[in-house]
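*Asks:* One file: start-v3.tsv (TSV, C-alpha atoms).
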chain	number	residue	atom	x	y	z
G	1	MET	CA	17.47	-12.04	-26.06
G	2	ASN	CA	18.12	-13.75	-22.74
G	3	ALA	CA	15.79	-11.41	-20.87
G	4	MET	CA	13.01	-12.19	-23.37
G	5	ILE	CA	13.21	-15.92	-22.57
G	6	ILE	CA	13.11	-15.24	-18.82
G	7	ALA	CA	10.11	-12.92	-19.19
G	8	ASP	CA	8.15	-15.40	-21.31
G	9	SER	CA	8.75	-18.26	-18.89
G	10	LEU	CA	7.69	-15.99	-16.00
G	11	GLN	CA	4.46	-15.22	-17.84
G	12	ILE	CA	3.70	-18.92	-18.28
G	13	LEU	CA	4.44	-19.40	-14.55
G	14	LEU	CA	1.99	-16.56	-13.85
G	15	ILE	CA	-0.76	-18.33	-15.78
G	16	ILE	CA	-0.12	-21.55	-13.82
G	17	ILE	CA	-0.27	-19.74	-10.46
G	18	ALA	CA	-3.52	-17.98	-11.39
G	19	ALA	CA	-5.07	-21.32	-12.37
G	20	VAL	CA	-3.96	-22.85	-9.04
G	21	ILE	CA	-5.60	-19.96	-7.14
G	22	VAL	CA	-8.87	-20.39	-9.05
G	23	ILE	CA	-8.88	-24.17	-8.42
G	24	SER	CA	-7.87	-24.16	-4.73
G	25	LYS	CA	-10.46	-24.49	-1.96
G	26	ASP	CA	-8.52	-23.47	1.16
G	27	ASN	CA	-8.51	-19.78	2.10
G	28	LEU	CA	-5.01	-19.59	3.60
G	29	GLN	CA	-3.47	-21.53	0.71
G	30	MET	CA	-5.13	-19.04	-1.65
G	31	VAL	CA	-3.63	-16.06	0.19
G	32	VAL	CA	-0.09	-17.53	0.13
G	33	PHE	CA	-0.36	-18.24	-3.59
G	34	PHE	CA	-1.58	-14.68	-4.09
G	35	ALA	CA	1.61	-13.36	-2.46
G	36	VAL	CA	3.69	-15.52	-4.85
G	37	PHE	CA	1.58	-14.21	-7.75
G	38	SER	CA	2.38	-10.62	-6.73
G	39	LEU	CA	6.12	-11.32	-6.56
G	40	VAL	CA	6.13	-12.87	-10.06
G	41	THR	CA	4.16	-9.91	-11.46
G	42	ALA	CA	6.59	-7.49	-9.82
G	43	SER	CA	9.52	-9.11	-11.64
G	44	LEU	CA	7.51	-8.96	-14.88
G	45	TYR	CA	6.97	-5.23	-14.35
G	46	TYR	CA	10.73	-4.87	-14.12
G	47	PHE	CA	11.18	-6.72	-17.41
G	48	ASN	CA	8.67	-4.31	-18.97
G	49	GLN	CA	10.96	-1.35	-18.10
G	50	ALA	CA	8.83	-0.17	-15.17
G	51	PRO	CA	10.94	-0.47	-11.99
G	52	ASP	CA	8.88	2.11	-10.08
G	53	VAL	CA	5.67	0.13	-10.53
G	54	ALA	CA	7.55	-3.02	-9.51
G	55	LEU	CA	8.66	-1.35	-6.29
G	56	ALA	CA	5.09	-0.37	-5.39
G	57	GLU	CA	3.81	-3.84	-6.27
G	58	VAL	CA	6.39	-5.60	-4.06
G	59	ALA	CA	5.52	-3.41	-1.08
G	60	ILE	CA	1.73	-3.43	-1.45
G	61	GLY	CA	0.90	-6.63	-3.29
G	62	SER	CA	3.09	-9.12	-1.53
G	63	ALA	CA	3.31	-7.66	1.98
G	64	ILE	CA	0.28	-5.54	2.88
G	65	MET	CA	-2.43	-7.43	0.98
G	66	PRO	CA	-1.72	-10.92	2.49
G	67	LEU	CA	-1.48	-9.24	5.90
G	68	ILE	CA	-4.95	-7.73	5.70
G	69	PHE	CA	-6.34	-10.95	4.20
G	70	ILE	CA	-4.98	-13.03	7.10
G	71	ILE	CA	-6.16	-10.53	9.74
G	72	SER	CA	-9.69	-10.47	8.32
G	73	ILE	CA	-9.89	-14.27	7.99
G	74	SER	CA	-8.89	-14.67	11.65
G	75	ARG	CA	-11.50	-12.06	12.68
G	76	GLN	CA	-14.25	-13.89	10.83
G	77	ARG	CA	-13.51	-17.21	12.47
G	78	GLU	CA	-14.53	-16.29	15.99
G	79	PHE	CA	-17.85	-16.77	17.77
G	80	ILE	CA	-18.36	-14.02	20.37
G	81	VAL	CA	-20.53	-14.83	23.39
G	82	ILE	CA	-21.60	-12.36	26.09
G	83	SER	CA	-22.47	-14.04	29.38
G	84	HIS	CA	-24.87	-12.66	32.02
G	85	VAL	CA	-25.06	-15.75	34.22
G	86	ASN	CA	-23.12	-16.04	37.46
G	87	ASP	CA	-23.22	-19.80	38.14
G	88	GLU	CA	-21.11	-22.60	36.67
G	89	PHE	CA	-23.14	-22.91	33.43
G	90	LEU	CA	-20.36	-21.38	31.32
G	91	SER	CA	-17.32	-22.11	33.50
G	92	ASN	CA	-14.38	-23.79	31.83
G	93	HIS	CA	-12.17	-24.81	34.73
G	94	THR	CA	-10.45	-28.12	34.37
G	95	TYR	CA	-12.16	-29.80	37.31
G	96	LYS	CA	-15.67	-28.50	36.59
G	97	ILE	CA	-16.76	-27.86	33.00
G	98	GLY	CA	-20.19	-26.27	32.72
G	99	LYS	CA	-22.90	-27.78	30.54
G	100	GLY	CA	-23.32	-24.68	28.40
G	101	TYR	CA	-19.60	-24.38	27.82
G	102	GLU	CA	-19.43	-28.01	26.76
G	103	LEU	CA	-22.30	-27.50	24.30
G	104	LEU	CA	-20.98	-24.26	22.82
G	105	SER	CA	-17.44	-25.58	22.44
G	106	GLU	CA	-18.74	-28.67	20.65
G	107	PHE	CA	-20.85	-26.43	18.40
G	108	THR	CA	-17.98	-24.12	17.50
G	109	ARG	CA	-15.55	-26.99	16.97
G	110	HIS	CA	-18.01	-28.55	14.53
G	111	TYR	CA	-18.07	-25.40	12.40
G	112	GLY	CA	-14.36	-24.59	12.74
G	113	LEU	CA	-14.90	-21.39	14.73
G	114	LYS	CA	-13.09	-20.06	17.78
G	115	LEU	CA	-15.17	-19.54	20.95
G	116	LYS	CA	-14.75	-16.31	22.90
G	117	ILE	CA	-16.74	-15.69	26.07
G	118	TYR	CA	-16.95	-12.28	27.77
G	119	LYS	CA	-18.64	-11.69	31.14
G	120	SER	CA	-20.59	-8.50	31.54
G	121	GLU	CA	-23.24	-6.73	33.60
G	122	LEU	CA	-26.81	-6.37	32.38
G	123	GLY	CA	-27.32	-2.62	32.34
G	124	SER	CA	-24.34	-1.59	30.27
G	125	LEU	CA	-25.20	-3.47	27.12
G	126	LYS	CA	-28.00	-1.70	25.28
G	127	GLY	CA	-28.21	-2.17	21.54
G	128	ILE	CA	-25.15	-4.37	21.45
G	129	PHE	CA	-26.31	-6.36	18.43
G	130	ARG	CA	-26.13	-3.30	16.26
G	131	SER	CA	-22.91	-1.80	17.50
G	132	ARG	CA	-20.61	-4.86	17.73
G	133	ASN	CA	-20.15	-8.24	16.10
G	134	VAL	CA	-21.68	-10.18	19.00
G	135	ASP	CA	-23.09	-13.56	18.01
G	136	LEU	CA	-24.78	-14.80	21.18
G	137	ILE	CA	-25.98	-13.50	24.56
G	138	VAL	CA	-26.53	-15.96	27.43
G	139	GLU	CA	-28.99	-15.10	30.23
G	140	LYS	CA	-30.89	-16.90	32.99
G	141	CYS	CA	-34.64	-16.47	33.24
G	142	PRO	CA	-35.42	-15.58	36.91
G	143	SER	CA	-38.88	-17.21	37.02
G	144	THR	CA	-38.43	-20.50	35.17
G	145	HIS	CA	-34.67	-20.98	35.83
G	146	ARG	CA	-33.98	-21.83	32.19
G	147	TYR	CA	-30.98	-20.54	30.31
G	148	LEU	CA	-31.82	-18.26	27.39
G	149	LEU	CA	-29.47	-18.10	24.39
G	150	LYS	CA	-30.27	-14.97	22.39
G	151	GLY	CA	-28.95	-14.56	18.85
G	152	LYS	CA	-29.75	-12.87	15.56
G	153	GLU	CA	-32.60	-14.24	13.51
G	154	SER	CA	-30.74	-13.65	10.24
G	155	SER	CA	-27.83	-15.94	11.05
G	156	ILE	CA	-27.78	-19.51	9.74
G	157	LEU	CA	-25.71	-20.62	12.74
G	158	MET	CA	-28.65	-19.92	15.06
G	159	ASN	CA	-30.83	-22.48	13.22
G	160	LYS	CA	-28.10	-25.08	13.64
G	161	LEU	CA	-27.77	-24.22	17.36
G	162	GLU	CA	-31.55	-24.56	17.79
G	163	GLN	CA	-31.52	-28.02	16.21
G	164	MET	CA	-28.65	-29.02	18.46
G	165	THR	CA	-30.33	-27.95	21.71
G	166	GLU	CA	-33.79	-29.44	20.97
G	167	ASN	CA	-33.42	-32.21	23.55
G	168	GLU	CA	-31.98	-30.10	26.35
G	169	PRO	CA	-34.72	-29.27	28.90
G	170	LEU	CA	-32.90	-26.34	30.51
G	171	ILE	CA	-31.85	-24.43	27.39
G	172	GLU	CA	-34.00	-22.25	25.15
G	173	VAL	CA	-32.87	-20.49	21.98
G	174	ILE	CA	-34.43	-17.11	21.22
G	175	LYS	CA	-33.92	-15.43	17.85
G	176	ILE	CA	-34.05	-11.65	17.79
G	177	ARG	CA	-34.90	-9.75	14.66
G	178	GLU	CA	-32.66	-6.86	13.72
G	179	GLY	CA	-33.96	-3.56	15.08
G	180	GLU	CA	-35.68	-4.96	18.16
G	181	THR	CA	-34.17	-4.05	21.47
G	182	ASP	CA	-32.19	-6.59	23.41
G	183	ASP	CA	-34.33	-6.70	26.54
J	1	MET	CA	6.40	-9.39	-22.99
J	2	ASN	CA	3.54	-10.85	-24.89
J	3	PRO	CA	0.22	-9.04	-24.23
J	4	ILE	CA	-1.74	-12.15	-25.21
J	5	LEU	CA	-0.19	-14.19	-22.39
J	6	SER	CA	-1.07	-11.39	-19.96
J	7	PHE	CA	-4.61	-11.23	-21.27
J	8	ILE	CA	-5.04	-14.97	-20.58
J	9	VAL	CA	-4.46	-14.16	-16.87
J	10	VAL	CA	-7.24	-11.53	-17.07
J	11	LEU	CA	-9.58	-14.17	-18.48
J	12	ILE	CA	-8.61	-16.65	-15.72
J	13	GLY	CA	-9.41	-14.00	-13.10
J	14	ILE	CA	-12.82	-13.26	-14.64
J	15	TYR	CA	-13.59	-17.00	-14.78
J	16	GLY	CA	-12.74	-17.33	-11.09
J	17	LEU	CA	-14.90	-14.30	-10.26
J	18	ALA	CA	-17.85	-15.86	-12.09
J	19	THR	CA	-17.59	-19.36	-10.63
J	20	SER	CA	-16.31	-18.87	-7.07
J	21	LYS	CA	-18.56	-19.97	-4.20
J	22	ASN	CA	-16.78	-18.14	-1.39
J	23	ILE	CA	-16.63	-14.38	-0.82
J	24	ILE	CA	-12.92	-14.43	0.12
J	25	LYS	CA	-12.13	-16.25	-3.12
J	26	SER	CA	-14.10	-13.66	-5.09
J	27	ILE	CA	-12.00	-10.88	-3.55
J	28	VAL	CA	-8.75	-12.71	-4.41
J	29	CYS	CA	-9.94	-13.20	-8.01
J	30	LEU	CA	-10.79	-9.48	-8.24
J	31	ASN	CA	-7.18	-8.75	-7.23
J	32	ILE	CA	-5.82	-11.18	-9.84
J	33	THR	CA	-7.86	-9.48	-12.57
J	34	GLN	CA	-6.66	-6.04	-11.53
J	35	THR	CA	-2.98	-7.04	-11.43
J	36	ALA	CA	-3.22	-8.68	-14.84
J	37	VAL	CA	-4.88	-5.60	-16.37
J	38	ILE	CA	-1.98	-3.51	-15.03
J	39	LEU	CA	0.43	-5.95	-16.68
J	40	VAL	CA	-1.38	-5.61	-20.03
J	41	PHE	CA	-1.13	-1.81	-19.85
J	42	LEU	CA	2.61	-1.97	-19.11
J	43	ASN	CA	3.08	-4.40	-22.01
J	44	PHE	CA	1.44	-1.93	-24.40
J	45	GLY	CA	3.57	0.87	-23.01
J	46	ALA	CA	6.77	-1.09	-23.65
J	47	PHE	CA	6.14	-1.73	-27.36
J	48	HIS	CA	8.48	1.00	-28.63
J	49	GLY	CA	11.81	1.66	-26.99
J	50	SER	CA	13.89	-0.61	-24.84
J	51	ASN	CA	15.17	1.54	-21.97
J	52	ILE	CA	13.90	2.53	-18.55
J	53	PRO	CA	12.36	6.04	-18.78
J	54	ILE	CA	14.88	7.89	-16.63
J	55	LEU	CA	16.33	10.99	-18.25
J	56	ILE	CA	20.08	10.56	-18.83
J	57	ASP	CA	21.93	12.27	-21.68
J	58	LYS	CA	22.62	9.36	-24.01
J	59	VAL	CA	19.28	7.54	-23.65
J	60	ILE	CA	17.15	8.01	-26.76
J	61	ASP	CA	14.62	5.17	-27.11
J	62	MET	CA	12.68	5.20	-23.85
J	63	THR	CA	9.42	3.37	-23.16
J	64	ASP	CA	6.26	5.39	-22.62
J	65	PRO	CA	6.23	6.69	-19.00
J	66	LEU	CA	2.55	7.66	-18.97
J	67	PRO	CA	1.05	4.15	-18.36
J	68	GLN	CA	3.54	3.56	-15.55
J	69	ALA	CA	2.50	6.75	-13.76
J	70	LEU	CA	-1.18	5.79	-14.08
J	71	MET	CA	-0.67	2.18	-12.96
J	72	ILE	CA	0.98	3.14	-9.65
J	73	THR	CA	-2.26	4.96	-8.79
J	74	ALA	CA	-4.26	1.89	-9.81
J	75	ILE	CA	-2.26	-0.37	-7.47
J	76	VAL	CA	-2.90	1.88	-4.47
J	77	ILE	CA	-6.62	2.18	-5.24
J	78	GLY	CA	-6.81	-1.61	-5.57
J	79	ALA	CA	-5.37	-2.05	-2.07
J	80	ALA	CA	-7.99	0.34	-0.65
J	81	ILE	CA	-10.84	-1.49	-2.42
J	82	THR	CA	-9.57	-4.83	-1.07
J	83	ALA	CA	-9.55	-3.51	2.50
J	84	LEU	CA	-13.13	-2.21	2.13
J	85	ALA	CA	-14.36	-5.52	0.67
J	86	LEU	CA	-12.75	-7.56	3.46
J	87	MET	CA	-14.35	-5.33	6.11
J	88	LEU	CA	-17.76	-5.87	4.52
J	89	SER	CA	-17.15	-9.64	4.44
J	90	ILE	CA	-16.49	-9.66	8.21
J	91	LYS	CA	-19.81	-7.83	8.75
J	92	ILE	CA	-21.61	-10.31	6.46
J	93	PHE	CA	-20.19	-13.29	8.34
J	94	HIS	CA	-21.32	-12.04	11.73
J	95	TYR	CA	-24.78	-11.09	10.42
J	96	TYR	CA	-25.65	-14.14	8.31
J	97	GLY	CA	-23.35	-16.78	9.80
J	98	THR	CA	-21.99	-17.89	6.43
J	99	LEU	CA	-19.82	-16.70	3.54
J	100	ASP	CA	-21.25	-18.97	0.84
J	101	TRP	CA	-22.87	-17.11	-2.06
J	102	LYS	CA	-25.61	-19.74	-2.55
J	103	GLU	CA	-26.65	-19.81	1.10
J	104	LEU	CA	-26.64	-16.00	1.21
J	105	ILE	CA	-28.89	-15.77	-1.86
J	106	GLU	CA	-31.28	-18.37	-0.43
J	107	ARG	CA	-31.35	-16.45	2.82
J	108	GLU	CA	-31.99	-13.05	1.31
J	109	GLY	CA	-34.19	-14.09	-1.64
Here is a file; write its structure as structure tokens.
*Replies:*
Amino acid sequence: MNAMIIADSLQILLIIIAAVIVISKDNLQMVVFFAVFSLVTASLYYFNQAPDVALAEVAIGSAIMPLIFIISISRQREFIVISHVNDEFLSNHTYKIGKGYELLSEFTRHYGLKLKIYKSELGSLKGIFRSRNVDLIVEKCPSTHRYLLKGKESSILMNKLEQMTENEPLIEVIKIREGETDD
Amino acid sequence: MNPILSFIVVLIGIYGLATSKNIIKSIVCLNITQTAVILVFLNFGAFHGSNIPILIDKVIDMTDPLPQALMITAIVIGAAITALALMLSIKIFHYYGTLDWKELIEREG
């Protein structure tokens, strides 16, 4: 009789936690509540005479699933930039912050992303839009000396970046359709 | 051990799946629905009998072990589906720049 009361109260707790997950807006809060949800369900499996299922649920539901959720959320929140320029346009030293770095860091801070800049040579990067999750490529035009920011046409972030750099005379945003080559 | 209380959790998960605006939230709601369905199956399996189905001499009234064996498989398959959906959501974010369902539908038409 005592176990029945515990199981019923756990089921009401389960309903409350599910409602909190459906209401909540923050991703990380949702993942933590999902781990709690899995632990409560695992104890309910035990009260339903299924200890083997409870064991699997504790291992998978409350340890592995929040882990892969958190890893994938942190992978989504980064903005990957490949740099082909050699001057101080993208430098981020403390005494001399480049103009492009200032602009991109302000842009990524506004959207809650994390900026990652990689330097690379020109020849070794064919078809990089298709093979990796690169968001932006920075180049310098040799004839007009303007900086070209190349990104995917399909991304909404590129429209926002274009609006942001309208007044800059030295920066031009180029949107590349999927399937075209990079050069 | 009331199947109706478990079925309410299934309905909450389906409601969240229908009304969520974010892809990550949709995946979490899919997981809630799956876990609650497993709980409903185990509730139905535990109607008759009140002992854990492990074969010892004096145990007579065991619960049905067949739903338990099937539900372990369902848990593992659910973990694999979650990993696949999260990988696709990373691809979608880097291609479209957003994870909002409305913006994605406007974008794609």
*Asks:* Excluding range 107-111 of chain G and its own-chain neighbours fewer than 3 positions away, which residues fall within 12 Å of it when counting all atoms listed in the file? Please give them as a list in words.
*Replies:*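 Final neighbour list, sorted by chain and number: Arg77, Glu78, Phe79, Ile80, Val81, Gly100, Tyr101, Glu102, Leu103, Leu104, Lys114, Leu115, Lys116, Asp135, Ile156, Leu157, Met158, Asn159, Lys160, Leu161, Glu162, Gln163, Met164 and Thr165 of chain G; Gly97 and Thr98 of chain J.
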*Asks:* Quick one: residues within 6 Å of (-20.6, -12.5, 1.3) (file frame), counting only C-alpha atoms, please, as a short mmCIF file (atom, residue, chain, number, x, y, z; two decimals) with C-alpha atoms, keeping the file's coordinate frame.
*Replies:*
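Final output, point27.cif:
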data_model
loop_
_atom_site.label_atom_id
_atom_site.label_comp_id
_atom_site.auth_asym_id
_atom_site.auth_seq_id
_atom_site.Cartn_x
_atom_site.Cartn_y
_atom_site.Cartn_z
CA ILE J 23 -16.63 -14.38 -0.82
CA SER J 89 -17.15 -9.64 4.44
CA ILE J 92 -21.61 -10.31 6.46
CA LEU J 99 -19.82 -16.70 3.54
#
*Asks:* Residues of chain G within 8 Å of chain J, counting only C-alpha atoms, what are they? List them as a ChimeraX atom specification.
*Replies:* /G:4,7-8,11-12,14-15,18-19,22,27,30-31,34,38,41,44-45,47-53,56-57,60-61,65,68-69,72,75-76,133-135,152,154-157
*Asks:* Please work out which residues fall within 7 Å of (-31.9, -13.2, 19.9), coordinates as given in the file, with only C-alpha atoms counting, and return them as a ChimeraX atom specification.
*Replies:* /G:150-153,174-177
*Asks:* Figure out the distance between CA of Leu170 in chain G and CA of Leu148 in chain G, please, to one decimal in Å.
*Replies:*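 If I compute the distance from CA of Leu148 in chain G to CA of Leu170 in chain G, I get 8.7 Å.
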*Asks:* Take CA of Ser143 in chain G and CA of Asn86 in chain G and report the distance between them in Å, one decimal.
*Replies:*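 According to the coordinates, CA of Ser143 in chain G and CA of Asn86 in chain G are separated by 15.8 Å.
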*Asks:* Quick one, how far is CA of Ile64 in chain G from CA of Ser43 in chain G?
*Replies:*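 Atom-to-atom, CA of Ile64 in chain G to CA of Ser43 in chain G, that is 17.6 Å.
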